[in-house]
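**Q** Got a file for you: work_35.cif, mmCIF, C-alpha atoms.
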```cif
data_upload
#
loop_
_atom_site.label_atom_id
_atom_site.label_comp_id
_atom_site.auth_asym_id
_atom_site.auth_seq_id
_atom_site.Cartn_x
_atom_site.Cartn_y
_atom_site.Cartn_z
CA MET Z 1 20.92 77.89 11.55
CA GLY Z 2 18.40 75.09 11.02
CA VAL Z 3 20.71 73.59 8.39
CA ASN Z 4 23.71 71.33 8.95
CA ASN Z 5 26.17 69.33 6.92
CA ASP Z 6 25.11 65.97 8.41
CA THR Z 7 22.07 65.56 6.15
CA PHE Z 8 23.76 66.60 2.91
CA PHE Z 9 23.68 63.09 1.42
CA ILE Z 10 19.92 62.79 1.98
CA ILE Z 11 19.22 66.11 0.23
CA ILE Z 12 21.58 65.23 -2.64
CA ALA Z 13 19.84 61.85 -3.04
CA LEU Z 14 16.37 63.47 -3.06
CA PHE Z 15 17.33 66.10 -5.65
CA THR Z 16 19.07 63.48 -7.81
CA ALA Z 17 16.00 61.24 -7.71
CA LEU Z 18 13.71 64.17 -8.58
CA ALA Z 19 16.00 65.18 -11.46
CA TRP Z 20 16.06 61.58 -12.79
CA TRP Z 21 12.26 61.30 -12.55
CA LYS Z 22 11.50 64.58 -14.30
CA SER Z 23 14.49 65.25 -16.54
CA GLY Z 24 16.40 62.02 -17.14
CA LYS Z 25 19.76 60.48 -16.32
CA GLY Z 26 21.88 63.34 -17.69
CA VAL Z 27 20.31 65.97 -15.44
CA ALA Z 28 20.38 63.53 -12.50
CA LEU Z 29 24.12 63.03 -12.96
CA THR Z 30 24.64 66.79 -13.24
CA THR Z 31 22.64 67.28 -10.05
CA LEU Z 32 24.61 64.64 -8.18
CA LEU Z 33 28.01 65.98 -9.26
CA GLY Z 34 27.00 69.64 -8.85
CA LEU Z 35 25.64 69.32 -5.31
CA THR Z 36 28.57 67.14 -4.29
CA LEU Z 37 30.98 69.79 -5.59
CA ILE Z 38 29.14 72.48 -3.61
CA TYR Z 39 29.51 70.37 -0.46
CA LEU Z 40 33.20 69.73 -1.07
CA MET Z 41 33.84 73.45 -1.63
CA GLY Z 42 32.31 74.18 1.79
CA PHE Z 43 29.25 76.13 0.64
CA TRP Z 44 26.61 73.57 1.58
CA ILE Z 45 24.97 75.52 4.42
CA ALA Z 46 25.01 78.79 2.43
CA THR Z 47 23.49 76.98 -0.56
CA MET Z 48 20.71 75.47 1.55
CA GLU Z 49 19.94 78.90 3.04
CA THR Z 50 19.72 80.32 -0.47
CA LEU Z 51 17.54 77.42 -1.63
CA ALA Z 52 15.18 77.84 1.33
CA LEU Z 53 14.82 81.57 0.65
CA VAL Z 54 14.22 80.90 -3.07
CA LEU Z 55 11.53 78.31 -2.36
CA VAL Z 56 9.70 80.51 0.18
CA ALA Z 57 9.86 83.55 -2.09
CA THR Z 58 8.78 81.54 -5.15
CA LEU Z 59 5.81 79.92 -3.42
CA THR Z 60 4.66 83.26 -2.02
CA ALA Z 61 5.09 84.96 -5.40
CA LEU Z 62 3.07 82.22 -7.12
CA VAL Z 63 0.25 82.38 -4.56
CA ILE Z 64 -0.12 86.05 -5.52
CA SER Z 65 0.82 85.91 -9.21
CA VAL Z 66 -1.28 83.03 -10.55
CA PRO Z 67 -4.65 84.36 -9.27
CA LEU Z 68 -3.61 87.83 -10.46
CA GLY Z 69 -2.82 86.43 -13.90
CA VAL Z 70 -6.19 84.66 -14.06
CA TRP Z 71 -7.95 87.86 -13.01
CA ALA Z 72 -6.13 89.84 -15.70
CA ALA Z 73 -7.11 87.25 -18.33
CA LYS Z 74 -10.77 87.47 -17.29
CA ASN Z 75 -11.05 91.23 -16.85
CA LYS Z 76 -9.84 93.70 -19.50
CA LEU Z 77 -9.79 96.64 -17.07
CA THR Z 78 -7.62 94.67 -14.66
CA ALA Z 79 -5.29 93.75 -17.51
CA LYS Z 80 -4.92 97.40 -18.53
CA ILE Z 81 -4.03 98.36 -14.95
CA ILE Z 82 -1.67 95.46 -14.29
CA ARG Z 83 0.27 95.59 -17.58
CA PRO Z 84 2.07 98.92 -16.95
CA LEU Z 85 2.76 97.89 -13.37
CA LEU Z 86 4.41 94.71 -14.61
CA ASP Z 87 6.42 96.74 -17.13
CA LEU Z 88 7.62 98.95 -14.29
CA MET Z 89 8.49 95.98 -12.07
CA GLN Z 90 10.48 94.28 -14.84
CA THR Z 91 12.43 97.36 -15.92
CA MET Z 92 13.24 98.62 -12.41
CA PRO Z 93 16.88 97.86 -11.47
CA ALA Z 94 17.02 94.96 -9.02
CA PHE Z 95 18.95 96.96 -6.43
CA VAL Z 96 16.10 99.46 -6.14
CA TYR Z 97 13.86 96.80 -4.59
CA LEU Z 98 16.20 96.63 -1.61
CA ILE Z 99 15.46 100.25 -0.59
CA PRO Z 100 11.77 99.89 0.45
CA ALA Z 101 12.50 96.42 1.84
CA VAL Z 102 15.15 97.81 4.19
CA LEU Z 103 13.00 100.84 5.10
CA PHE Z 104 10.09 98.63 6.16
CA PHE Z 105 11.91 95.60 7.61
CA SER Z 106 15.48 96.77 8.40
CA ILE Z 107 18.10 94.25 7.24
CA GLY Z 108 18.07 90.46 7.25
CA LYS Z 109 16.21 87.58 5.63
CA VAL Z 110 12.72 89.14 5.80
CA PRO Z 111 13.50 92.17 3.61
CA GLY Z 112 15.48 89.87 1.33
CA ALA Z 113 12.43 87.63 0.88
CA PHE Z 114 10.15 90.67 0.41
CA ALA Z 115 12.32 92.15 -2.34
CA THR Z 116 12.66 88.75 -4.00
CA ILE Z 117 8.90 88.17 -4.07
CA ILE Z 118 8.20 91.53 -5.72
CA PHE Z 119 11.04 91.11 -8.22
CA ALA Z 120 10.02 87.56 -9.24
CA MET Z 121 6.27 88.04 -9.69
CA PRO Z 122 5.93 89.53 -13.23
CA PRO Z 123 6.77 86.42 -15.34
CA ALA Z 124 4.23 84.27 -13.49
CA VAL Z 125 1.51 86.91 -13.89
CA ARG Z 126 2.22 87.45 -17.59
CA LEU Z 127 2.48 83.78 -18.52
CA THR Z 128 -0.61 82.82 -16.52
CA THR Z 129 -2.57 85.49 -18.39
CA LEU Z 130 -1.06 84.35 -21.69
CA GLY Z 131 -1.90 80.71 -20.97
CA ILE Z 132 -5.54 81.46 -20.13
CA ASP Z 133 -5.92 83.74 -23.17
CA ALA Z 134 -4.46 81.05 -25.44
CA VAL Z 135 -7.12 78.46 -24.55
CA PRO Z 136 -9.23 77.94 -27.72
CA LYS Z 137 -12.54 79.75 -27.42
CA ASP Z 138 -14.45 76.91 -29.06
CA ILE Z 139 -13.41 74.56 -26.24
CA VAL Z 140 -14.62 77.06 -23.65
CA GLU Z 141 -17.90 77.53 -25.52
CA ALA Z 142 -18.36 73.76 -25.80
CA ALA Z 143 -17.90 73.39 -22.03
CA ARG Z 144 -20.35 76.22 -21.44
CA SER Z 145 -22.90 74.66 -23.78
CA PHE Z 146 -22.80 71.50 -21.65
CA GLY Z 147 -23.81 73.55 -18.63
CA ALA Z 148 -20.40 74.12 -17.01
CA THR Z 149 -20.20 77.05 -14.62
CA ASN Z 150 -17.49 79.71 -14.85
CA SER Z 151 -15.52 78.13 -11.99
CA GLN Z 152 -15.79 74.67 -13.60
CA ILE Z 153 -14.56 76.08 -16.91
CA LEU Z 154 -11.62 77.76 -15.16
CA PHE Z 155 -10.49 74.79 -13.06
CA LYS Z 156 -11.40 71.91 -15.38
CA VAL Z 157 -10.77 73.43 -18.81
CA GLU Z 158 -8.69 76.61 -18.88
CA LEU Z 159 -6.13 75.96 -16.14
CA PRO Z 160 -5.37 72.38 -17.27
CA LEU Z 161 -4.88 73.55 -20.88
CA ALA Z 162 -2.76 76.49 -19.72
CA THR Z 163 -0.60 74.39 -17.38
CA LYS Z 164 2.40 74.20 -19.70
CA THR Z 165 2.56 77.99 -20.07
CA ILE Z 166 2.02 78.54 -16.35
CA LEU Z 167 4.84 76.09 -15.54
CA ALA Z 168 7.12 78.07 -17.86
CA GLY Z 169 6.25 81.14 -15.78
CA ILE Z 170 7.07 79.23 -12.59
CA ASN Z 171 10.45 78.32 -14.08
CA GLN Z 172 11.23 81.99 -14.75
CA THR Z 173 10.00 82.99 -11.29
CA ILE Z 174 12.39 80.50 -9.66
CA LEU Z 175 15.38 81.78 -11.64
CA LEU Z 176 14.53 85.42 -10.94
CA SER Z 177 14.13 84.57 -7.24
CA LEU Z 178 17.58 83.02 -7.24
CA SER Z 179 19.16 86.03 -8.91
CA MET Z 180 17.49 88.43 -6.47
CA VAL Z 181 18.40 86.34 -3.43
CA VAL Z 182 22.05 86.69 -4.39
CA ILE Z 183 21.68 90.49 -4.66
CA ALA Z 184 19.86 90.47 -1.31
CA GLY Z 185 23.14 89.36 0.25
CA MET Z 186 23.88 93.09 0.34
CA ILE Z 187 21.28 93.51 3.11
CA ALA Z 188 22.43 90.51 5.16
CA ALA Z 189 19.88 88.06 3.75
CA GLY Z 190 22.44 85.28 4.17
CA GLY Z 191 23.24 82.40 1.84
CA LEU Z 192 25.47 82.50 -1.20
CA GLY Z 193 24.78 86.19 -1.78
CA GLU Z 194 26.74 87.11 1.32
CA LYS Z 195 29.59 84.85 0.24
CA VAL Z 196 29.75 86.53 -3.17
CA LEU Z 197 29.66 89.97 -1.51
CA GLU Z 198 32.37 88.93 0.94
CA GLY Z 199 34.58 87.83 -1.95
CA ILE Z 200 34.06 91.19 -3.68
CA ASN Z 201 34.71 93.27 -0.55
CA ASN Z 202 37.88 91.36 0.32
CA LEU Z 203 39.05 91.03 -3.29
CA ASP Z 204 39.13 87.29 -2.65
CA ILE Z 205 39.02 85.84 -6.17
CA GLY Z 206 38.81 82.25 -4.93
CA LEU Z 207 35.86 82.89 -2.61
CA GLY Z 208 34.08 84.97 -5.24
CA PHE Z 209 34.57 82.35 -7.96
CA GLU Z 210 33.57 79.36 -5.82
CA SER Z 211 30.46 81.03 -4.37
CA GLY Z 212 29.50 82.28 -7.83
CA LEU Z 213 29.99 78.78 -9.22
CA SER Z 214 27.69 77.44 -6.49
CA VAL Z 215 25.01 79.90 -7.58
CA VAL Z 216 25.38 78.78 -11.21
CA ILE Z 217 25.16 75.09 -10.25
CA LEU Z 218 22.03 75.68 -8.17
CA ALA Z 219 20.45 77.72 -10.98
CA ILE Z 220 21.15 74.99 -13.56
CA ILE Z 221 19.69 72.28 -11.32
CA LEU Z 222 16.51 74.24 -10.56
CA ASP Z 223 16.11 75.25 -14.21
CA ARG Z 224 16.50 71.72 -15.58
CA ILE Z 225 14.16 70.17 -13.02
CA THR Z 226 11.40 72.75 -13.58
CA GLN Z 227 11.86 72.41 -17.36
CA GLY Z 228 11.30 68.70 -16.84
CA PHE Z 229 7.90 69.44 -15.32
CA VAL Z 230 7.05 71.60 -18.37
CA LYS Z 231 8.10 68.87 -20.83
CA LYS Z 232 6.04 66.26 -18.98
CA LYS Z 233 3.01 68.44 -19.70
CA ALA Z 234 3.88 68.86 -23.38
#
```
Just give me the structure as structure tokens.

**A**
Amino acid sequence: MGVNNDTFFIIIALFTALAWWKSGKGVALTTLLGLTLIYLMGFWIATMETLALVLVATLTALVISVPLGVWAAKNKLTAKIIRPLLDLMQTMPAFVYLIPAVLFFSIGKVPGAFATIIFAMPPAVRLTTLGIDAVPKDIVEAARSFGATNSQILFKVELPLATKTILAGINQTILLSLSMVVIAGMIAAGGLGEKVLEGINNLDIGLGFESGLSVVILAIILDRITQGFVKKKA
């Protein structure tokens, strides 16, 4: 599996420290208690599989989305093309993304990651574009008047000023990835999604509630930590 229960205390300690650093003692305590509860309920390995899939899908989505958002902010034609595509991606039912993923990759973690990446991209693209567009034009013109090149303006002026908005997009991408990873349990993507599906199929209320609670705890922890990064930039 690549994940075992023996290292749970190290991972809990790391997440608690990160939560304390970025979001304060309250979130750190919530992280400590939440992850400990997940371990005691017996969903540690499933939770780590879900977390790994979320992180891979989120990083991949951001590698694509942030440059795409910058491009849309810089090019009006690109923005006109991308906007309706983003509308389509955000209004399409989540289950529909599983169909092409299964057709191309069969079932398993790969199609689950593929569907998650596509589903989670729109917020990062939109908020990156919004952040770049919101940079005051007089600041950009001042940088240009001092001889800054377009790349220098982008990396030293626009992106730093748009960081807070972009981080908000990253926060939404992480949460959408988590929600899609759970749905991807239907195509054997593993993790908590399969546990939730197992509880539904077997009408096992206890399994369904505990696995669902684990998803909620993980979502709260990821949300609060990423919000902490946004607030640090405020």

**Q** I want to know what sits within 9 Å of Asp223 in chain Z, based on only C-alpha atoms, with residues of the same chain fewer than 2 positions away left out; could you give that as a PyMOL selection string?

**A** chain Z and resi 171-172+174-175+218-221+225-228

**Q** Evaluate the PyMOL selection byres ((chain Z and resi 176) around 9) against this structure - the residues, as a list in words, please.

**A**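 So the PyMOL selection byres ((chain Z and resi 176) around 9) ends up selecting Thr116, Phe119, Ala120, Met121, Pro123, Asn171, Gln172, Thr173, Ile174, Leu175, Ser177, Leu178, Ser179, Met180 and Val181 of chain Z.
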
**Q** What would the selection look like, as a list in words, if the PyMOL selection byres ((chain Z and resi 186) around 10) were run on the coordinates I just shared?

**A**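 Written out, the selection comes to Phe95, Leu98, Ile107, Gly108, Gly112, Val181, Val182, Ile183, Ala184, Gly185, Ile187, Ala188, Ala189, Gly190, Gly193, Glu194, Val196, Leu197 and Glu198 of chain Z.
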
**Q** Find the residues with any atom within 7 Å of (5.4, 73.0, -15.5); use all atoms listed in the file and the coordinates as given in the file, and write the answer as a ChimeraX atom specification.

**A** /Z:163-164,166-168,226-227,229-230,233

**Q** Would you mind reading off the distance between CA of Pro93 in chain Z and CA of Arg126 in chain Z, one decimal, in Å?

**A**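 Interatomic distance, CA of Pro93 in chain Z to CA of Arg126 in chain Z: 19.0 Å.
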
**Q** Show which residues sit within 8 Å of Glu49 in chain Z, as a list in words. Count all atoms listed in the file, and ignore same-chain residues fewer than 3 positions away.

**A**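 Using all atoms listed in the file, the neighbours found are Val3, Ile45, Ala46, Ala52, Leu53, Gly190, Gly191 and Leu192 of chain Z.
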
**Q** What is the CA of Phe15 in chain Z to CA of Val27 in chain Z distance in Å?

**A**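 It comes out at 10.2 Å.
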
**Q** Applying the PyMOL selection byres ((chain Z and resi 66) around 10) to the file I just gave you, which residues come out? Please list them as number ranges by chain.

**A** Z: 61-65, 67-72, 121, 123-129, 166, 169-170

**Q** Box for range 190-197 of chain Z: with edges along x, y and z, all listed atoms inside and 4 Å added on each side, what are the centre and edge lengths in Å to one decimal, as JSON?

**A**
```
{"center_x": 26.1, "center_y": 86.2, "center_z": 0.5, "size_x": 15.3, "size_y": 15.6, "size_z": 15.3}
```

**Q** Which one of Z:Phe43, Z:Tyr97, Z:Phe9, Z:Trp21 sits closest to Val215 in chain Z if you count all atoms listed in the file?

**A**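 Comparing Z:Phe43, Z:Tyr97, Z:Phe9, Z:Trp21 against Val215 in chain Z, the winner is Z:Phe43.
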